[in-house]
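Visitor: Would you mind keeping the following structure in view while I ask a few things?
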Amino acid sequence: MPKKKSPIKIDTVAGSRSYNRLDMQISQTLHMAIELYNDLNYLFVLDYYDDITLFDLDSDPLAVSYYQMKTSESTITIDSAIKEDWLAKMYAQLNRPGDWLVKELGLITNTPLEVSIKMKNEAGKVNNTKKLLSSEHTPLTNIHENVQSRIIADIAKKNGISENKVDLSKFAHLRTTLTIERHKDLVEKEMEDFLYEKYPKITVDTVKGIYSSLIDLLTKRQEYELLPNNAPFDVVKAHKGFTKSELTRVIDKAIMLSIPTFDDVIKASGLGHDKASILSFSYVQILADSNNNSDGSFPRLFNIVSEIMNTNSFSSNITAWEYGLEIAMKVHEKEPLYKTIYSIEYISVLVICLLINKSRRLP
């Protein structure tokens with residue numbers, strides 16, 4: 001008597017440890033984060049519940065979507081998806097403990113998904129017709145019934161349930177626009193377009209800094225492997241999660257820490273070009289400190305100035321330069337040691353830079 005195959009089990013720490021695929025998962029997550037930015041207050045969890053897990057809310061989520069990402073230099077077939085248990089394992093996510101409504105079970109591939117339609121003709125010969133799923137999003141309920149029947153039979157067998165209980169309505173194939181060779185370049189270009197649309201005057205260096213910071217953050221979240229099976233959701237979120245608000249914070253901080261052009265500083269100061277010399281020395285110093293500050297004193301000054309500005313709002317009754325001088329004196333009152341490190345003029349120019357950057361932040 002043949003041995004009965006045990007039901008499919010979910011791997012809590014999911015996915016192949018292939019470096020290239022994991023590397024591309026990071027790009028795909030950032031791609032999705034950009035794409036969904038205006039529509040969803042999302043939370044992504046990387047390489048834990050599944051390759052990529054998407055929650056509809058970053059706190060107390062109601063719905064979740066699980067995605068497996070498969071890459072290949074050649075065609076990926078539906079037969080491979082069945083043989084390798086990809087679909088059966090994804091279906092098992094429906095039985096995962098939790099109060100979340102499963103919105104979608106998605107198979108993401110970098111190539112079109114080849115679907116083989118196998119049907120017998122009147123003579124009993126099996127004809128095999130092949131079709132490629134090339135759209136960015138294809139529900140599996142849209143493919144040929146013959147193929148759906150094969151998938152249902154496989155899922156039922158491997159999950160130990162009857163075929164009439166298998167529902168494919170949540171399954172979809174997603175064809176990513178990223179490629180194995182150029183996924184980093186492509187998602188960096190998407191980030192550039194996203195940022196330039198929101199901030200036409202953002203600098204190239206700031207854009208590159210934002211992209212690098214996000215890739216570094218996502219890589220650290222993905223690589224964290226110390227969580228046990230069935231870790232509490234809040235713990236998973238803290239170590240493996242990435243939210244829309246985090247993306248916004250990275251962008252805001254990079255913009256606030258960036259140094260505007262000297263011409264922009266002059267225009268914003270209210271002093272005029274004829275008095276540019278008052279600003280120039282401090283501006284050059286700030287530019288140098290922001291690019292090379294190994295002891296961390298510049299970021300500390302930045303934080304102190306920002307805090308004081310938050311409690312002492314800028315008024316249009318005075319110029320930005322005058323406002324900067326007022327803030328500078330308050331900084332010296334709060335941190336007397338800074339009097340010998342940062343001059344009143346230096347801090348005033350920094351305040352003007354922060355005023356300019358504040359106007360460029362995400363709404």
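We name chains A, B, ... following the order of the structure tokens; residues begin at 1 in each chain, and ligands are numbered from 1 as shown.
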At a cut-off of 8 Å, using only C-alpha atoms, what residues contact Arg361 in chain A? Leave out same-chain residues fewer than 2 positions from it and give the result as a list in words.
Guide: Tyr199, Ile251, Asp252, Ile255, Met256, Asn357, Lys358, Ser359 and Pro363 of chain A
Visitor: Write a file of the selected residues as a short mmCIF file (atom, residue, chain, number, x, y, z; two decimals), in the first residue's frame, keeping all heavy atoms.
Guide:
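Output (again.cif):
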data_model
loop_
_atom_site.label_atom_id
_atom_site.label_comp_id
_atom_site.auth_asym_id
_atom_site.auth_seq_id
_atom_site.Cartn_x
_atom_site.Cartn_y
_atom_site.Cartn_z
N TYR A 199 9.72 66.36 -5.87
CA TYR A 199 10.66 67.45 -5.56
C TYR A 199 11.51 67.76 -6.77
O TYR A 199 12.63 67.24 -6.90
CB TYR A 199 11.58 67.07 -4.39
CG TYR A 199 10.94 66.22 -3.34
CD1 TYR A 199 11.18 64.86 -3.29
CD2 TYR A 199 10.07 66.78 -2.42
CE1 TYR A 199 10.58 64.08 -2.33
CE2 TYR A 199 9.47 66.00 -1.45
CZ TYR A 199 9.72 64.65 -1.42
OH TYR A 199 9.12 63.87 -0.47
N ILE A 251 13.31 59.59 3.36
CA ILE A 251 13.29 60.68 2.38
C ILE A 251 13.39 62.03 3.08
O ILE A 251 14.20 62.89 2.71
CB ILE A 251 12.02 60.61 1.52
CG1 ILE A 251 12.03 59.35 0.65
CG2 ILE A 251 11.89 61.86 0.62
CD1 ILE A 251 10.73 59.09 -0.08
N ASP A 252 12.56 62.22 4.11
CA ASP A 252 12.55 63.51 4.83
C ASP A 252 13.91 63.83 5.43
O ASP A 252 14.40 64.95 5.35
CB ASP A 252 11.49 63.47 5.93
CG ASP A 252 10.08 63.68 5.40
OD1 ASP A 252 9.94 64.00 4.21
OD2 ASP A 252 9.12 63.55 6.18
N ILE A 255 16.50 64.74 2.77
CA ILE A 255 16.27 66.08 2.23
C ILE A 255 16.66 67.14 3.24
O ILE A 255 17.30 68.14 2.91
CB ILE A 255 14.79 66.24 1.81
CG1 ILE A 255 14.51 65.40 0.56
CG2 ILE A 255 14.46 67.71 1.53
CD1 ILE A 255 13.07 65.40 0.14
N MET A 256 16.31 66.93 4.50
CA MET A 256 16.64 67.91 5.53
C MET A 256 18.15 68.03 5.75
O MET A 256 18.66 69.10 6.06
CB MET A 256 15.96 67.55 6.85
CG MET A 256 14.45 67.74 6.83
SD MET A 256 13.95 69.45 6.50
CE MET A 256 14.36 70.24 8.06
N ASN A 357 14.88 73.26 2.91
CA ASN A 357 14.61 71.83 2.81
C ASN A 357 13.22 71.46 3.35
O ASN A 357 12.56 70.55 2.83
CB ASN A 357 15.68 71.05 3.56
CG ASN A 357 17.03 71.10 2.87
OD1 ASN A 357 17.10 71.44 1.68
ND2 ASN A 357 18.08 70.80 3.59
N LYS A 358 12.80 72.17 4.40
CA LYS A 358 11.49 71.88 4.98
C LYS A 358 10.38 72.09 3.96
O LYS A 358 9.38 71.38 3.94
CB LYS A 358 11.27 72.77 6.20
CG LYS A 358 10.02 72.40 7.01
CD LYS A 358 9.92 73.23 8.28
CE LYS A 358 8.72 72.82 9.11
NZ LYS A 358 8.61 73.62 10.34
N SER A 359 10.55 73.07 3.08
CA SER A 359 9.55 73.37 2.07
C SER A 359 9.53 72.30 0.97
O SER A 359 8.62 72.27 0.14
CB SER A 359 9.81 74.73 1.44
OG SER A 359 11.01 74.73 0.67
N PRO A 363 4.47 66.04 1.51
CA PRO A 363 3.30 66.64 2.17
C PRO A 363 2.68 65.67 3.16
O PRO A 363 2.84 64.49 3.05
CB PRO A 363 2.35 66.89 0.98
CG PRO A 363 2.75 65.90 -0.07
CD PRO A 363 4.25 65.73 0.09
#
Visitor: Out of range 20-212 of chain A, which residues get strand (DSSP E or B) from DSSP, as an NGL selection string?
Guide: :A and (41 or 43-46 or 52-55 or 57 or 63-70 or 76-77 or 101-109 or 113-120 or 126-133 or 137-139 or 171-175)
Visitor: Mind pulling up the distance from CA of Ala172 in chain A to CA of Ala92 in chain A?
Guide: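 Taking CA of Ala92 in chain A as the start and CA of Ala172 in chain A as the end point, the length is 15.1 Å.
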Visitor: Residues of range 257-294 of chain A that approach range 202-208 of chain A to 10 Å or less, counting only C-alpha atoms: could you list each one with the shortest pair of atoms and its distance in Å to one decimal, rows by chain and increasing residue number, as JSON lines?
Guide:
{"residue": "A:Leu257", "atom": "CA", "partner": "A:Thr206", "partner_atom": "CA", "distance": 8.8}
{"residue": "A:Ser258", "atom": "CA", "partner": "A:Thr206", "partner_atom": "CA", "distance": 6.4}
{"residue": "A:Ile259", "atom": "CA", "partner": "A:Thr203", "partner_atom": "CA", "distance": 9.0}
{"residue": "A:Pro260", "atom": "CA", "partner": "A:Thr203", "partner_atom": "CA", "distance": 8.2}
{"residue": "A:Thr261", "atom": "CA", "partner": "A:Thr203", "partner_atom": "CA", "distance": 9.2}
Visitor: Go ahead and save the residues from that selection, with all heavy atoms, as a short mmCIF file (atom, residue, chain, number, x, y, z; two decimals), in the first residue's frame.
Guide:
data_model
loop_
_atom_site.label_atom_id
_atom_site.label_comp_id
_atom_site.auth_asym_id
_atom_site.auth_seq_id
_atom_site.Cartn_x
_atom_site.Cartn_y
_atom_site.Cartn_z
N LEU A 257 18.87 66.91 5.58
CA LEU A 257 20.31 66.93 5.78
C LEU A 257 21.08 67.37 4.54
O LEU A 257 22.28 67.64 4.60
CB LEU A 257 20.80 65.54 6.20
CG LEU A 257 20.56 65.16 7.66
CD1 LEU A 257 20.88 63.69 7.89
CD2 LEU A 257 21.40 66.02 8.59
N SER A 258 20.39 67.45 3.41
CA SER A 258 21.07 67.89 2.18
C SER A 258 21.30 69.40 2.24
O SER A 258 20.57 70.13 2.90
CB SER A 258 20.24 67.51 0.95
OG SER A 258 19.03 68.24 0.91
N ILE A 259 22.31 69.86 1.53
CA ILE A 259 22.64 71.28 1.52
C ILE A 259 22.17 71.90 0.21
O ILE A 259 22.62 71.50 -0.86
CB ILE A 259 24.16 71.49 1.70
CG1 ILE A 259 24.66 70.75 2.95
CG2 ILE A 259 24.48 72.98 1.78
CD1 ILE A 259 23.98 71.16 4.24
N PRO A 260 21.27 72.88 0.27
CA PRO A 260 20.79 73.54 -0.95
C PRO A 260 21.94 74.29 -1.65
O PRO A 260 23.01 74.49 -1.07
CB PRO A 260 19.73 74.53 -0.43
CG PRO A 260 19.41 74.08 0.95
CD PRO A 260 20.64 73.42 1.48
N THR A 261 21.70 74.72 -2.86
CA THR A 261 22.72 75.49 -3.58
C THR A 261 22.91 76.85 -2.91
O THR A 261 22.01 77.36 -2.23
CB THR A 261 22.32 75.71 -5.04
OG1 THR A 261 21.15 76.55 -5.08
CG2 THR A 261 22.03 74.38 -5.75
#
Visitor: Each residue of range 313-347 of chain A lying at most 12 Å from range 278-298 of chain A should get a row with its shortest atom-to-atom pair and the distance in Å to one decimal, counting only C-alpha atoms; could you produce that, ordered by chain and increasing number, as a tab-separated table?
Guide:
residue	atom	partner	partner_atom	distance
A:Trp321	CA	A:Leu279	CA	9.4
A:Gly324	CA	A:Leu279	CA	11.7
A:Leu337	CA	A:Ser297	CA	11.8
A:Tyr338	CA	A:Ser297	CA	9.9
A:Ile341	CA	A:Ser297	CA	9.7
A:Tyr342	CA	A:Ser282	CA	9.3
A:Ser343	CA	A:Ser282	CA	8.5
A:Ile344	CA	A:Ser282	CA	9.5
A:Glu345	CA	A:Ser282	CA	6.5
A:Tyr346	CA	A:Ser282	CA	4.7
A:Ile347	CA	A:Ser282	CA	8.2
Visitor: Could you write out, as a PyMOL selection string, all the residues of range 180-317 of chain A that DSSP marks as helix (DSSP H, G or I)?
Guide: chain A and resi 183-198+204-223+233-240+244-257+262-269+273-291+297-311
Visitor: Enter the distance from CA of His273 in chain A to CA of Leu355 in chain A, in Å, rounded to one decimal.
Guide: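 So the answer is 18.6 Å.
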Visitor: Hey, which of A:Ser135, A:Asn142, A:Thr243, A:Gln93 ends up closest to Asp56 in chain A? Count only C-alpha atoms.
Guide: A:Thr243
Visitor: Nearest residue to Arg150 in chain A out of A:His183, A:Lys89, A:Lys83, A:Lys201, using only C-alpha atoms?
Guide: A:Lys83
Visitor: Contacts of Glu188 in chain A at 8 Å or less, counting only C-alpha atoms, minus same-chain residues fewer than 4 places along, as a list in words?
Guide: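 Near Glu188 in chain A, the qualifying residues are Lys184, Glu192 and Tyr211 of chain A.
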Visitor: Write out as a list in words each polymer residue whose atoms come within 10 Å of Ser162 in chain A, counting only C-alpha atoms; drop sequence neighbours fewer than 6 positions from it.
Guide: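 Selected residues are Ile152, Ala153, Ile155 and Ala156 of chain A.
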Visitor: From the set A:Glu145, A:Asp50, A:Tyr323, A:Leu30, which residue has the shortest atom-to-atom contact distance to Arg96 in chain A, counting only C-alpha atoms?
Guide: A:Asp50
Visitor: For range 59-75 of chain A, list every protein, DNA or RNA residue within 8 Å, evaluated using only C-alpha atoms, and leave out those in the same chain fewer than 3 positions away; present the list as a PyMOL selection string.
Guide: chain A and resi 15+21+25+49-56+86+90+93+99-114+180
